[in-house]
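Visitor: entry_13.cif is reproduced below (mmCIF, C-alpha atoms).
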data_entry
loop_
_atom_site.label_atom_id
_atom_site.label_comp_id
_atom_site.auth_asym_id
_atom_site.auth_seq_id
_atom_site.Cartn_x
_atom_site.Cartn_y
_atom_site.Cartn_z
CA MET Z 256 -17.29 22.67 -0.99
CA TYR Z 257 -14.99 20.07 -2.58
CA SER Z 258 -11.90 22.29 -2.25
CA ILE Z 259 -12.75 22.99 1.38
CA LEU Z 260 -13.13 19.28 2.14
CA CYS Z 261 -9.78 18.55 0.48
CA GLN Z 262 -8.14 21.05 2.82
CA VAL Z 263 -10.00 19.97 5.94
CA GLY Z 264 -9.72 16.20 5.33
CA PRO Z 265 -5.98 15.77 5.98
CA ARG Z 266 -6.29 17.97 9.07
CA ASP Z 267 -9.45 16.59 10.66
CA ILE Z 268 -9.63 12.96 9.51
CA PRO Z 269 -7.36 10.69 11.59
CA ALA Z 270 -4.75 8.95 9.42
CA PHE Z 271 -6.18 10.58 6.27
CA GLY Z 272 -3.27 9.45 4.10
CA ASP Z 273 -3.77 5.81 5.07
CA ALA Z 274 -7.50 6.08 4.40
CA LEU Z 275 -6.76 7.45 0.93
CA MET Z 276 -4.36 4.62 0.14
CA ALA Z 277 -6.89 2.01 1.27
CA VAL Z 278 -9.58 3.63 -0.92
CA ARG Z 279 -7.33 3.75 -3.96
CA ALA Z 280 -6.11 0.17 -3.52
CA THR Z 281 -9.70 -1.02 -3.15
CA LYS Z 282 -10.72 0.81 -6.34
CA VAL Z 283 -7.93 -0.92 -8.29
CA VAL Z 284 -9.21 -4.32 -7.16
CA VAL Z 285 -12.88 -3.53 -7.76
CA ASP Z 286 -12.27 -2.02 -11.21
CA HIS Z 287 -10.39 -5.14 -12.31
CA PHE Z 288 -12.97 -7.36 -10.62
CA HIS Z 289 -15.78 -5.88 -12.71
CA LYS Z 290 -13.70 -6.49 -15.85
CA GLY Z 291 -13.20 -10.13 -14.87
CA GLN Z 292 -9.51 -9.52 -14.18
CA LEU Z 293 -7.28 -10.00 -11.17
CA PRO Z 294 -5.45 -6.91 -9.90
CA PRO Z 295 -2.14 -6.12 -11.64
CA ASN Z 296 1.18 -7.62 -10.68
CA PRO Z 297 3.05 -5.70 -9.49
CA PHE Z 298 0.46 -3.57 -7.72
CA GLN Z 299 1.09 0.10 -8.45
CA LEU Z 300 1.72 1.11 -4.85
CA ASP Z 301 3.39 4.38 -5.81
CA SER Z 302 0.06 5.60 -7.19
CA LEU Z 303 -1.77 5.24 -3.87
CA SER Z 304 -0.42 8.15 -1.82
CA ALA Z 305 -1.65 11.74 -1.84
CA ASP Z 306 1.68 12.81 -3.33
CA SER Z 307 1.08 10.82 -6.51
CA HIS Z 308 -1.98 12.79 -7.69
CA GLU Z 309 -4.73 15.04 -6.39
CA VAL Z 310 -7.62 13.58 -4.44
CA SER Z 311 -10.76 13.38 -6.59
CA PHE Z 312 -14.28 14.13 -5.42
CA GLU Z 313 -15.24 10.44 -5.75
CA GLU Z 314 -12.19 9.41 -3.72
CA LEU Z 315 -13.12 11.89 -1.02
CA ARG Z 316 -16.64 10.48 -0.93
CA GLN Z 317 -15.27 6.96 -0.53
CA ILE Z 318 -12.86 8.13 2.17
CA LEU Z 319 -15.79 9.53 4.15
CA ASN Z 320 -17.62 6.21 3.77
CA LEU Z 321 -14.53 4.32 4.93
CA VAL Z 322 -14.08 6.68 7.87
CA HIS Z 323 -17.71 5.98 8.77
CA LEU Z 324 -16.97 2.24 8.77
CA ILE Z 325 -13.93 2.65 11.01
CA ARG Z 326 -15.91 4.83 13.41
CA CYS Z 327 -18.61 2.13 13.51
CA ILE Z 328 -15.94 -0.46 14.34
CA GLU Z 329 -14.48 1.91 16.92
CA ASP Z 330 -17.91 2.37 18.54
CA PHE Z 331 -18.42 -1.39 18.60
CA CYS Z 332 -15.01 -2.02 20.19
CA LEU Z 333 -15.37 0.71 22.81
CA TYR Z 334 -18.70 -0.70 23.97
CA ASN Z 335 -18.48 -4.44 23.29
CA THR Z 336 -14.90 -5.50 23.95
CA GLU Z 337 -13.19 -5.65 27.32
CA TRP Z 338 -10.21 -3.68 26.09
CA GLY Z 339 -12.48 -1.08 24.50
CA ARG Z 340 -14.45 -0.54 27.70
CA ASP Z 341 -11.17 -0.30 29.59
CA CYS Z 342 -9.73 2.15 27.08
CA TYR Z 343 -10.69 5.32 28.93
CA PHE Z 344 -9.06 4.05 32.11
CA HIS Z 345 -5.80 3.67 30.20
CA LEU Z 346 -6.03 7.10 28.65
CA LYS Z 347 -7.39 9.39 31.36
CA GLN Z 348 -5.12 11.08 33.82
CA GLU Z 349 -5.62 10.99 37.57
CA ASN Z 350 -8.74 12.84 38.76
CA LYS Z 351 -9.96 13.31 35.18
CA ALA Z 352 -13.46 12.19 34.19
CA ALA Z 353 -12.45 11.66 30.55
CA PRO Z 354 -9.18 11.23 28.67
CA PRO Z 355 -7.32 14.42 27.75
CA GLN Z 356 -8.18 15.32 24.16
CA GLU Z 357 -4.56 14.98 23.01
CA ASN Z 358 -4.28 11.42 24.36
CA TRP Z 359 -7.58 10.41 22.80
CA LEU Z 360 -6.72 11.84 19.38
CA LYS Z 361 -3.39 9.99 19.33
CA TRP Z 362 -5.10 6.74 20.32
CA GLN Z 363 -7.78 7.26 17.67
CA GLU Z 364 -5.26 8.02 14.91
CA ARG Z 365 -3.31 4.82 15.61
CA PHE Z 366 -6.50 2.76 15.81
CA HIS Z 367 -7.80 4.14 12.50
CA ARG Z 368 -4.44 3.76 10.74
CA SER Z 369 -4.20 0.13 11.79
CA MET Z 370 -7.63 -0.59 10.29
CA TYR Z 371 -6.84 1.18 7.02
CA GLN Z 372 -3.57 -0.71 6.73
CA SER Z 373 -5.38 -4.00 7.22
CA PHE Z 374 -7.74 -3.19 4.33
CA LEU Z 375 -4.78 -2.06 2.22
CA MET Z 376 -3.12 -5.42 2.83
CA GLY Z 377 -6.25 -7.29 1.80
CA ALA Z 378 -6.51 -5.38 -1.46
CA VAL Z 379 -2.84 -5.58 -2.44
CA LEU Z 380 -2.55 -9.29 -1.62
CA SER Z 381 -5.84 -10.33 -3.25
CA ARG Z 382 -4.19 -11.34 -6.52
CA ALA Z 383 -1.65 -13.62 -4.83
CA TYR Z 384 -4.38 -15.53 -2.99
CA GLN Z 385 -6.92 -15.66 -5.82
CA GLN Z 386 -4.61 -16.46 -8.74
CA PRO Z 387 -4.28 -20.20 -7.95
CA LEU Z 388 -8.06 -20.46 -8.41
CA ASP Z 389 -8.01 -18.60 -11.74
CA PRO Z 390 -9.66 -20.89 -14.34
CA SER Z 391 -7.12 -19.70 -16.93
CA ASN Z 392 -4.17 -20.38 -14.61
CA ASN Z 393 -3.91 -24.18 -15.03
CA CYS Z 394 -6.56 -24.73 -12.38
CA PRO Z 395 -8.34 -28.00 -13.27
CA GLU Z 396 -11.81 -27.25 -14.55
CA HIS Z 397 -13.57 -29.54 -12.06
CA PHE Z 398 -11.82 -28.04 -9.01
CA PHE Z 399 -13.63 -25.81 -6.49
CA LYS Z 400 -17.05 -26.43 -8.01
CA ASP Z 401 -20.40 -26.37 -6.22
CA ILE Z 402 -18.99 -25.21 -2.89
CA ASN Z 403 -22.45 -24.23 -1.65
CA THR Z 404 -23.66 -27.77 -2.32
CA ARG Z 405 -20.68 -29.22 -0.48
CA LEU Z 406 -21.39 -26.99 2.50
CA GLN Z 407 -24.91 -28.40 2.70
CA GLY Z 408 -23.91 -32.05 2.24
CA ASP Z 409 -21.39 -34.63 3.39
CA GLU Z 410 -18.72 -33.99 0.75
CA PRO Z 411 -15.58 -32.19 2.04
CA VAL Z 412 -15.48 -28.52 1.16
CA LEU Z 413 -11.96 -29.11 -0.15
CA ARG Z 414 -11.08 -32.53 -1.52
CA ASN Z 415 -7.64 -34.09 -1.13
CA ASP Z 416 -6.65 -33.41 -4.74
CA GLU Z 417 -7.71 -29.77 -4.42
CA MET Z 418 -5.61 -29.30 -1.28
CA ALA Z 419 -2.64 -30.98 -2.96
CA TYR Z 420 -3.08 -28.62 -5.91
CA LEU Z 421 -3.11 -25.53 -3.68
CA LEU Z 422 0.06 -26.67 -1.93
CA ARG Z 423 1.94 -26.12 -5.18
CA TYR Z 424 1.62 -22.39 -4.55
CA PRO Z 425 3.82 -20.72 -1.91
CA VAL Z 426 0.91 -18.54 -0.76
CA PHE Z 427 -0.81 -21.72 0.48
CA ASN Z 428 2.48 -23.19 1.69
CA PHE Z 429 2.38 -21.16 4.84
CA GLU Z 430 5.92 -21.55 6.13
CA ALA Z 431 7.92 -21.88 2.92
CA TYR Z 432 9.52 -18.58 3.87
CA GLU Z 433 12.21 -18.74 1.22
CA ASP Z 434 9.47 -18.53 -1.42
CA HIS Z 435 7.44 -15.71 0.12
CA GLU Z 436 9.40 -12.67 -1.07
CA PRO Z 437 7.51 -12.44 -4.41
CA ILE Z 438 4.21 -12.54 -2.50
CA TYR Z 439 4.77 -10.14 0.39
CA GLY Z 440 8.02 -8.34 -0.42
CA GLN Z 441 6.65 -5.38 -2.38
CA LEU Z 442 3.91 -4.64 0.16
CA ALA Z 443 6.26 -5.06 3.12
CA ASP Z 444 8.82 -2.68 1.58
CA PHE Z 445 6.06 -0.12 0.98
CA LEU Z 446 4.78 -0.30 4.56
CA VAL Z 447 8.33 0.03 5.90
CA GLN Z 448 8.87 3.08 3.70
CA GLN Z 449 5.69 4.69 5.04
CA SER Z 450 6.75 3.97 8.61
CA ARG Z 451 10.20 5.45 7.97
CA HIS Z 452 8.61 8.69 6.80
CA ARG Z 453 6.49 8.90 9.95
CA ALA Z 454 9.53 8.17 12.14
CA GLN Z 455 11.28 11.22 10.69
CA SER Z 456 8.42 13.51 11.71
CA ARG Z 457 7.95 12.21 15.26
CA SER Z 458 9.86 13.65 18.19
CA ASN Z 459 9.09 10.72 20.49
CA LEU Z 460 9.26 7.16 19.20
CA PRO Z 461 7.80 4.08 20.91
CA ASP Z 462 10.20 2.19 23.16
CA PHE Z 463 8.64 -1.28 23.54
CA TYR Z 464 10.52 -2.94 20.68
CA PRO Z 465 12.08 -6.08 22.26
CA GLU Z 466 15.62 -5.44 23.47
CA ASP Z 467 16.96 -8.77 22.19
CA ALA Z 468 15.64 -8.22 18.66
CA ILE Z 469 18.09 -7.10 15.98
CA PRO Z 470 16.51 -5.03 13.19
CA ASN Z 471 17.55 -5.46 9.57
CA ASP Z 472 18.08 -2.45 7.28
CA LEU Z 473 16.57 -0.13 9.90
CA ASP Z 474 18.01 1.89 12.74
CA ARG Z 475 16.57 1.10 16.13
CA GLY Z 476 14.29 4.13 16.21
CA GLN Z 477 12.77 3.24 12.86
CA ALA Z 478 12.41 -0.38 13.95
CA SER Z 479 10.66 0.73 17.13
CA LEU Z 480 7.98 2.61 15.21
CA LEU Z 481 7.60 -0.15 12.61
CA TYR Z 482 7.18 -2.69 15.41
CA ALA Z 483 4.52 -0.56 17.12
CA GLU Z 484 2.59 -0.04 13.88
CA THR Z 485 2.89 -3.71 12.94
CA VAL Z 486 1.55 -4.80 16.33
CA GLN Z 487 -1.29 -2.27 16.12
CA CYS Z 488 -2.28 -3.45 12.64
CA LEU Z 489 -2.05 -7.04 13.85
CA LEU Z 490 -4.50 -6.28 16.66
CA ALA Z 491 -6.85 -4.55 14.21
CA SER Z 492 -6.68 -7.47 11.78
CA MET Z 493 -7.26 -10.10 14.46
CA THR Z 494 -10.19 -8.07 15.80
CA LEU Z 495 -11.74 -8.09 12.33
CA LEU Z 496 -10.80 -11.65 11.37
CA ASN Z 497 -13.07 -14.60 11.95
CA HIS Z 498 -10.23 -17.03 12.73
CA GLU Z 499 -11.99 -18.37 15.84
CA GLY Z 500 -15.16 -19.21 13.92
CA TYR Z 501 -17.30 -16.24 14.93
CA SER Z 502 -17.18 -12.55 14.05
CA PRO Z 503 -18.76 -10.26 16.64
CA ILE Z 504 -18.61 -7.24 14.29
CA PHE Z 505 -19.84 -8.60 10.95
CA GLU Z 506 -22.51 -11.01 9.86
CA LYS Z 507 -23.51 -12.44 6.50
CA ASP Z 508 -27.19 -13.15 7.18
CA ASN Z 509 -29.34 -10.58 5.38
CA LYS Z 510 -32.23 -11.54 7.65
CA ASN Z 511 -30.79 -9.27 10.32
CA PRO Z 512 -33.85 -7.45 11.75
CA ASP Z 513 -31.85 -4.21 11.68
CA ILE Z 514 -31.05 -4.48 7.97
CA LYS Z 515 -33.29 -1.55 7.01
CA SER Z 516 -31.30 0.72 9.30
CA LEU Z 517 -28.01 -0.35 7.70
CA SER Z 518 -28.40 2.05 4.80
CA ARG Z 519 -24.87 3.40 4.38
CA LYS Z 520 -22.48 1.25 2.36
CA VAL Z 521 -18.80 0.95 1.55
CA THR Z 522 -16.71 -1.63 -0.31
CA ILE Z 523 -13.53 -3.12 1.17
CA VAL Z 524 -11.21 -6.04 0.42
CA PRO Z 525 -10.66 -7.64 3.84
CA LEU Z 526 -7.48 -9.36 4.86
CA GLY Z 527 -8.56 -13.00 5.02
CA SER Z 528 -11.20 -13.15 2.31
CA PHE Z 529 -9.10 -11.23 -0.25
CA TYR Z 530 -12.35 -10.64 -2.10
CA PRO Z 531 -14.37 -7.41 -2.57
CA GLU Z 532 -17.14 -7.15 0.01
CA GLN Z 533 -19.83 -4.54 0.51
CA ILE Z 534 -20.40 -3.50 4.12
CA ALA Z 535 -23.78 -2.10 5.18
CA MET Z 536 -23.63 0.22 8.19
CA PRO Z 537 -26.01 2.27 10.34
CA THR Z 538 -26.21 5.95 9.45
CA SER Z 539 -25.23 6.86 13.00
CA VAL Z 540 -21.87 5.51 14.14
CA HIS Z 541 -23.13 5.66 17.74
CA ALA Z 542 -25.65 2.90 16.95
CA ALA Z 543 -23.01 0.47 15.70
CA HIS Z 544 -22.47 -1.24 19.05
CA GLN Z 545 -26.17 -2.18 19.15
CA THR Z 546 -26.08 -4.30 15.99
CA ARG Z 547 -23.69 -6.08 13.67
CA LEU Z 548 -22.51 -4.78 10.33
CA LEU Z 549 -23.74 -6.70 7.31
CA LYS Z 550 -21.17 -7.89 4.79
CA SER Z 551 -21.89 -9.43 1.41
CA PRO Z 552 -19.54 -10.42 -1.43
CA LEU Z 553 -19.76 -8.35 -4.57
CA PRO Z 554 -21.61 -10.31 -7.27
CA GLN Z 555 -19.51 -11.42 -10.21
CA GLU Z 556 -20.37 -10.45 -13.76
CA THR Z 557 -21.45 -13.26 -16.05
CA GLY Z 558 -19.01 -14.52 -18.64
CA GLU Z 559 -15.34 -15.40 -18.47
CA SER Z 560 -13.47 -14.14 -15.44
CA SER Z 561 -10.14 -14.71 -13.75
CA TRP Z 562 -12.05 -14.69 -10.46
CA ASN Z 563 -13.13 -18.25 -9.79
CA PRO Z 564 -16.87 -18.60 -9.03
CA SER Z 565 -15.76 -19.93 -5.63
CA ALA Z 566 -13.33 -17.07 -4.98
CA ARG Z 567 -15.63 -15.60 -2.32
CA PHE Z 568 -14.96 -18.68 -0.17
CA MET Z 569 -11.24 -17.89 0.14
CA SER Z 570 -11.35 -17.39 3.92
CA LEU Z 571 -12.93 -20.83 4.29
CA PHE Z 572 -10.34 -22.41 1.98
CA LEU Z 573 -7.54 -20.87 4.04
CA ASP Z 574 -9.04 -22.17 7.28
CA ILE Z 575 -9.25 -25.69 5.84
CA MET Z 576 -5.72 -25.57 4.45
CA HIS Z 577 -4.51 -24.37 7.84
CA SER Z 578 -6.21 -27.14 9.79
CA SER Z 579 -6.18 -30.09 7.38
CA SER Z 580 -3.38 -29.90 4.83
CA GLY Z 581 -0.75 -31.42 7.11
CA GLN Z 582 1.64 -28.48 7.29
CA PRO Z 583 3.78 -28.50 10.44
CA ASN Z 584 4.96 -25.51 12.43
CA HIS Z 585 8.48 -24.77 11.19
CA TYR Z 586 9.69 -23.87 14.67
CA ALA Z 587 7.65 -26.13 16.96
CA ASP Z 588 5.64 -28.93 15.38
CA THR Z 589 3.52 -29.45 18.50
CA PHE Z 590 1.90 -26.04 17.99
CA PRO Z 591 -0.20 -24.78 15.06
CA THR Z 592 1.16 -22.31 12.55
CA PRO Z 593 -0.18 -18.75 12.58
CA PRO Z 594 -3.54 -18.25 10.82
CA PRO Z 595 -2.82 -17.86 7.08
CA PRO Z 596 -4.06 -14.24 6.75
CA LEU Z 597 -1.39 -13.20 9.27
CA GLN Z 598 1.52 -14.37 7.11
CA ILE Z 599 2.21 -10.78 6.02
CA PHE Z 600 2.96 -9.93 9.66
CA GLN Z 601 5.27 -12.92 9.96
CA PHE Z 602 7.06 -11.78 6.81
CA ILE Z 603 7.55 -8.19 8.00
CA SER Z 604 8.70 -9.36 11.42
CA ARG Z 605 11.23 -11.82 10.01
CA LYS Z 606 12.58 -9.57 7.25
CA PHE Z 607 12.90 -6.27 9.09
CA LEU Z 608 12.44 -6.70 12.84
CA GLY Z 609 14.42 -9.82 13.70
CA LEU Z 610 11.28 -11.39 15.12
CA ARG Z 611 8.70 -14.07 14.40
CA PHE Z 612 5.53 -15.33 16.02
CA SER Z 613 6.43 -17.33 19.11
CA ASP Z 614 6.08 -21.12 19.12
CA GLU Z 615 2.98 -21.20 21.30
CA ALA Z 616 1.43 -17.90 20.16
CA PHE Z 617 -1.55 -19.59 18.50
CA ASP Z 618 -2.00 -22.56 20.79
CA VAL Z 619 -5.68 -23.47 20.50
CA GLU Z 620 -5.87 -25.49 23.74
CA ASP Z 621 -4.41 -22.99 26.20
CA ILE Z 622 -7.09 -20.55 27.38
CA ASP Z 623 -4.30 -18.11 28.23
CA ALA Z 624 -2.54 -18.46 24.87
CA ALA Z 625 -0.85 -15.27 23.74
CA HIS Z 626 -3.16 -14.69 20.77
CA LYS Z 627 -6.27 -14.91 22.95
CA LEU Z 628 -4.99 -12.46 25.54
CA PHE Z 629 -3.67 -10.21 22.77
CA VAL Z 630 -7.17 -9.76 21.35
CA HIS Z 631 -9.34 -10.05 24.46
CA HIS Z 632 -7.39 -8.87 27.51
CA PRO Z 633 -8.84 -5.71 29.12
CA THR Z 634 -5.49 -3.90 28.86
CA ALA Z 635 -5.00 -4.61 25.13
CA SER Z 636 -6.02 -1.05 24.22
CA GLY Z 637 -2.65 0.04 25.59
CA ILE Z 638 -1.13 -1.24 22.35
CA TYR Z 639 -2.61 1.84 20.68
CA GLU Z 640 -0.75 3.93 23.24
CA ASP Z 641 2.55 2.60 21.85
CA GLU Z 642 3.14 0.23 24.74
CA TRP Z 643 2.89 -3.49 25.40
CA PRO Z 644 0.63 -4.17 28.41
CA ASP Z 645 2.42 -5.98 31.22
CA LEU Z 646 -0.29 -8.62 31.64
CA ILE Z 647 -0.21 -9.81 28.02
CA PRO Z 648 2.57 -12.27 27.08
CA SER Z 649 4.52 -11.38 23.98
CA ILE Z 650 3.22 -12.89 20.79
CA PHE Z 651 6.70 -12.61 19.21
CA ASP Z 652 10.07 -14.26 19.68
CA THR Z 653 13.46 -14.07 17.98
CA PRO Z 654 13.88 -16.31 14.88
CA ASP Z 655 16.26 -18.86 16.35
CA GLY Z 656 14.66 -21.92 14.75
CA GLY Z 657 16.82 -23.84 12.31
CA GLY Z 658 16.57 -26.33 9.50
CA GLU Z 659 15.03 -26.37 6.08
CA TYR Z 660 11.28 -26.52 5.71
CA ASP Z 661 9.66 -28.96 3.33
CA ALA Z 662 5.91 -28.80 2.93
CA TYR Z 663 4.14 -32.10 2.82
CA TYR Z 664 0.60 -33.24 2.39
CA VAL Z 665 -1.04 -35.97 4.46
CA VAL Z 666 -3.62 -37.88 2.41
#
Please express what this file holds, its structure, as structure tokens.
Guide:
Amino acid sequence: MYSILCQVGPRDIPAFGDALMAVRATKVVVDHFHKGQLPPNPFQLDSLSADSHEVSFEELRQILNLVHLIRCIEDFCLYNTEWGRDCYFHLKQENKAAPPQENWLKWQERFHRSMYQSFLMGAVLSRAYQQPLDPSNNCPEHFFKDINTRLQGDEPVLRNDEMAYLLRYPVFNFEAYEDHEPIYGQLADFLVQQSRHRAQSRSNLPDFYPEDAIPNDLDRGQASLLYAETVQCLLASMTLLNHEGYSPIFEKDNKNPDIKSLSRKVTIVPLGSFYPEQIAMPTSVHAAHQTRLLKSPLPQETGESSWNPSARFMSLFLDIMHSSSGQPNHYADTFPTPPPPLQIFQFISRKFLGLRFSDEAFDVEDIDAAHKLFVHHPTASGIYEDEWPDLIPSIFDTPDGGGEYDAYYVV
């Protein structure tokens, strides 16, 4: 049975190779987590692909669990988002009741790959985000204590001295681009390499890469595919992220009346929390749109650990640093910077694609801001058809801003 599944998996599981890499990256993080260690630096990315070593039975089991999660998310999106409900209208041909199978399979493969890549990013980047909180890494002993108590009381979740401390680290200094290569460079190079390989095997490449953008170290065909895959992963990540204060897909409350039906589980390291989380899912993917998936942080072992006891609050810390640490937008100080978990996309866009997030992309006051339409517009599913919908303004611009950036902290 195992040998049969190993043969069938790459053929019948959409984006099987990306699922395998996400599973292997997650295992690296979880294994180190249980030992009280942060993941290694550098992350052994070359060991993640199917070419590096044979798929084990346990890896195959975890792949099937991860596929189940992505299919649950897919079911939720197709029923409960405007762009999901509109998806079939984008895919089906005239006078067809349902999308042609070929169109649907291509859409599904891109959707699944984008989700797997988002989880891969979360796992690989977890060390960079968690290391500043490491008790053995010069983090003051009294910092980041009793966060649960702070959440229940009047004390700020992050104090001024804690924010000032975090600003010493480039990963929390969101637009100190000249210092970001050690954080994102290895992962970005790996993702570009993977995209290059796919470009070589495709006869038709996407053609919605902006005409005025000038790629770096890529020919235009390679840049076109990298741009499409970057945008697709960005949509997946923003669909999963809770950057607007509410997640329609996941919930943390274990009092969910449907909890008994959420019996299938998988562990991921989400982009944003950068912390291992267990996701409880319904056994039937077709029931996913009727509930919300339950997520819970993995419990830490007792004893010394490089994972701070407050490490599971990383997404909250990033939100506070984004809103309250006084960091201006490098390109347009009247607009907010991109949400911190999306810095990897900014890095890839700047380094390889000759692009950056546009000045007003994440404007919180404009109801028609690019980031809101990007995630919620009914035609957004077209992004997984390798096209940019006409009714959605571009979320990117060329990097024509100038001047040096100096982070500062407003007390």
Visitor: Selection in question (the file shown): the PyMOL selection byres ((chain Z and resi 577-580) around 12). Which residues does it include, as a PDB file with C-alpha atoms, in the coordinates of the input?
Guide:
ATOM      1  CA  PRO Z 411     -15.580 -32.190   2.040  1.00  0.00           C
ATOM      2  CA  VAL Z 412     -15.480 -28.520   1.160  1.00  0.00           C
ATOM      3  CA  LEU Z 413     -11.960 -29.110  -0.150  1.00  0.00           C
ATOM      4  CA  ARG Z 414     -11.080 -32.530  -1.520  1.00  0.00           C
ATOM      5  CA  ASN Z 415      -7.640 -34.090  -1.130  1.00  0.00           C
ATOM      6  CA  ASP Z 416      -6.650 -33.410  -4.740  1.00  0.00           C
ATOM      7  CA  GLU Z 417      -7.710 -29.770  -4.420  1.00  0.00           C
ATOM      8  CA  MET Z 418      -5.610 -29.300  -1.280  1.00  0.00           C
ATOM      9  CA  ALA Z 419      -2.640 -30.980  -2.960  1.00  0.00           C
ATOM     10  CA  TYR Z 420      -3.080 -28.620  -5.910  1.00  0.00           C
ATOM     11  CA  LEU Z 421      -3.110 -25.530  -3.680  1.00  0.00           C
ATOM     12  CA  LEU Z 422       0.060 -26.670  -1.930  1.00  0.00           C
ATOM     13  CA  ARG Z 423       1.940 -26.120  -5.180  1.00  0.00           C
ATOM     14  CA  VAL Z 426       0.910 -18.540  -0.760  1.00  0.00           C
ATOM     15  CA  PHE Z 427      -0.810 -21.720   0.480  1.00  0.00           C
ATOM     16  CA  ASN Z 428       2.480 -23.190   1.690  1.00  0.00           C
ATOM     17  CA  PHE Z 429       2.380 -21.160   4.840  1.00  0.00           C
ATOM     18  CA  GLU Z 430       5.920 -21.550   6.130  1.00  0.00           C
ATOM     19  CA  HIS Z 498     -10.230 -17.030  12.730  1.00  0.00           C
ATOM     20  CA  SER Z 570     -11.350 -17.390   3.920  1.00  0.00           C
ATOM     21  CA  LEU Z 571     -12.930 -20.830   4.290  1.00  0.00           C
ATOM     22  CA  PHE Z 572     -10.340 -22.410   1.980  1.00  0.00           C
ATOM     23  CA  LEU Z 573      -7.540 -20.870   4.040  1.00  0.00           C
ATOM     24  CA  ASP Z 574      -9.040 -22.170   7.280  1.00  0.00           C
ATOM     25  CA  ILE Z 575      -9.250 -25.690   5.840  1.00  0.00           C
ATOM     26  CA  MET Z 576      -5.720 -25.570   4.450  1.00  0.00           C
ATOM     27  CA  GLY Z 581      -0.750 -31.420   7.110  1.00  0.00           C
ATOM     28  CA  GLN Z 582       1.640 -28.480   7.290  1.00  0.00           C
ATOM     29  CA  PRO Z 583       3.780 -28.500  10.440  1.00  0.00           C
ATOM     30  CA  ASN Z 584       4.960 -25.510  12.430  1.00  0.00           C
ATOM     31  CA  PHE Z 590       1.900 -26.040  17.990  1.00  0.00           C
ATOM     32  CA  PRO Z 591      -0.200 -24.780  15.060  1.00  0.00           C
ATOM     33  CA  THR Z 592       1.160 -22.310  12.550  1.00  0.00           C
ATOM     34  CA  PRO Z 593      -0.180 -18.750  12.580  1.00  0.00           C
ATOM     35  CA  PRO Z 594      -3.540 -18.250  10.820  1.00  0.00           C
ATOM     36  CA  PRO Z 595      -2.820 -17.860   7.080  1.00  0.00           C
ATOM     37  CA  PRO Z 596      -4.060 -14.240   6.750  1.00  0.00           C
ATOM     38  CA  LEU Z 597      -1.390 -13.200   9.270  1.00  0.00           C
ATOM     39  CA  GLN Z 598       1.520 -14.370   7.110  1.00  0.00           C
ATOM     40  CA  VAL Z 619      -5.680 -23.470  20.500  1.00  0.00           C
ATOM     41  CA  ALA Z 662       5.910 -28.800   2.930  1.00  0.00           C
ATOM     42  CA  TYR Z 663       4.140 -32.100   2.820  1.00  0.00           C
ATOM     43  CA  TYR Z 664       0.600 -33.240   2.390  1.00  0.00           C
ATOM     44  CA  VAL Z 665      -1.040 -35.970   4.460  1.00  0.00           C
ATOM     45  CA  VAL Z 666      -3.620 -37.880   2.410  1.00  0.00           C
TER      46      VAL Z 666
END
Visitor: Show me, as JSON lines, the residues of range 367-449 of chain Z having an atom within 12 Å of range 606-614 of chain Z, each with the closest atom pair and its distance in Å, using only C-alpha atoms.
Guide:
{"residue": "Z:Glu430", "atom": "CA", "partner": "Z:Arg611", "partner_atom": "CA", "distance": 11.5}
{"residue": "Z:Tyr432", "atom": "CA", "partner": "Z:Lys606", "partner_atom": "CA", "distance": 10.1}
{"residue": "Z:Glu433", "atom": "CA", "partner": "Z:Lys606", "partner_atom": "CA", "distance": 11.0}
{"residue": "Z:His435", "atom": "CA", "partner": "Z:Lys606", "partner_atom": "CA", "distance": 10.7}
{"residue": "Z:Glu436", "atom": "CA", "partner": "Z:Lys606", "partner_atom": "CA", "distance": 9.4}
{"residue": "Z:Tyr439", "atom": "CA", "partner": "Z:Lys606", "partner_atom": "CA", "distance": 10.4}
{"residue": "Z:Gly440", "atom": "CA", "partner": "Z:Lys606", "partner_atom": "CA", "distance": 9.0}
{"residue": "Z:Ala443", "atom": "CA", "partner": "Z:Lys606", "partner_atom": "CA", "distance": 8.8}
{"residue": "Z:Asp444", "atom": "CA", "partner": "Z:Phe607", "partner_atom": "CA", "distance": 9.3}
{"residue": "Z:Leu446", "atom": "CA", "partner": "Z:Phe607", "partner_atom": "CA", "distance": 11.0}
{"residue": "Z:Val447", "atom": "CA", "partner": "Z:Phe607", "partner_atom": "CA", "distance": 8.4}
{"residue": "Z:Gln448", "atom": "CA", "partner": "Z:Phe607", "partner_atom": "CA", "distance": 11.5}
Visitor: Starting from the displayed file, determine the output of the PyMOL selection byres ((chain Z and resi 524-539) around 6) and express the residue list as a short mmCIF file (atom, residue, chain, number, x, y, z; two decimals) with C-alpha atoms, in the coordinates of the input.
Guide:
data_model
loop_
_atom_site.label_atom_id
_atom_site.label_comp_id
_atom_site.auth_asym_id
_atom_site.auth_seq_id
_atom_site.Cartn_x
_atom_site.Cartn_y
_atom_site.Cartn_z
CA PHE Z 374 -7.74 -3.19 4.33
CA GLY Z 377 -6.25 -7.29 1.80
CA ALA Z 378 -6.51 -5.38 -1.46
CA SER Z 381 -5.84 -10.33 -3.25
CA SER Z 516 -31.30 0.72 9.30
CA LEU Z 517 -28.01 -0.35 7.70
CA ARG Z 519 -24.87 3.40 4.38
CA LYS Z 520 -22.48 1.25 2.36
CA VAL Z 521 -18.80 0.95 1.55
CA THR Z 522 -16.71 -1.63 -0.31
CA ILE Z 523 -13.53 -3.12 1.17
CA VAL Z 540 -21.87 5.51 14.14
CA HIS Z 541 -23.13 5.66 17.74
CA ALA Z 542 -25.65 2.90 16.95
CA LEU Z 548 -22.51 -4.78 10.33
CA LEU Z 549 -23.74 -6.70 7.31
CA LYS Z 550 -21.17 -7.89 4.79
CA SER Z 551 -21.89 -9.43 1.41
CA PRO Z 552 -19.54 -10.42 -1.43
CA LEU Z 553 -19.76 -8.35 -4.57
CA ARG Z 567 -15.63 -15.60 -2.32
CA MET Z 569 -11.24 -17.89 0.14
CA SER Z 570 -11.35 -17.39 3.92
CA PRO Z 596 -4.06 -14.24 6.75
#
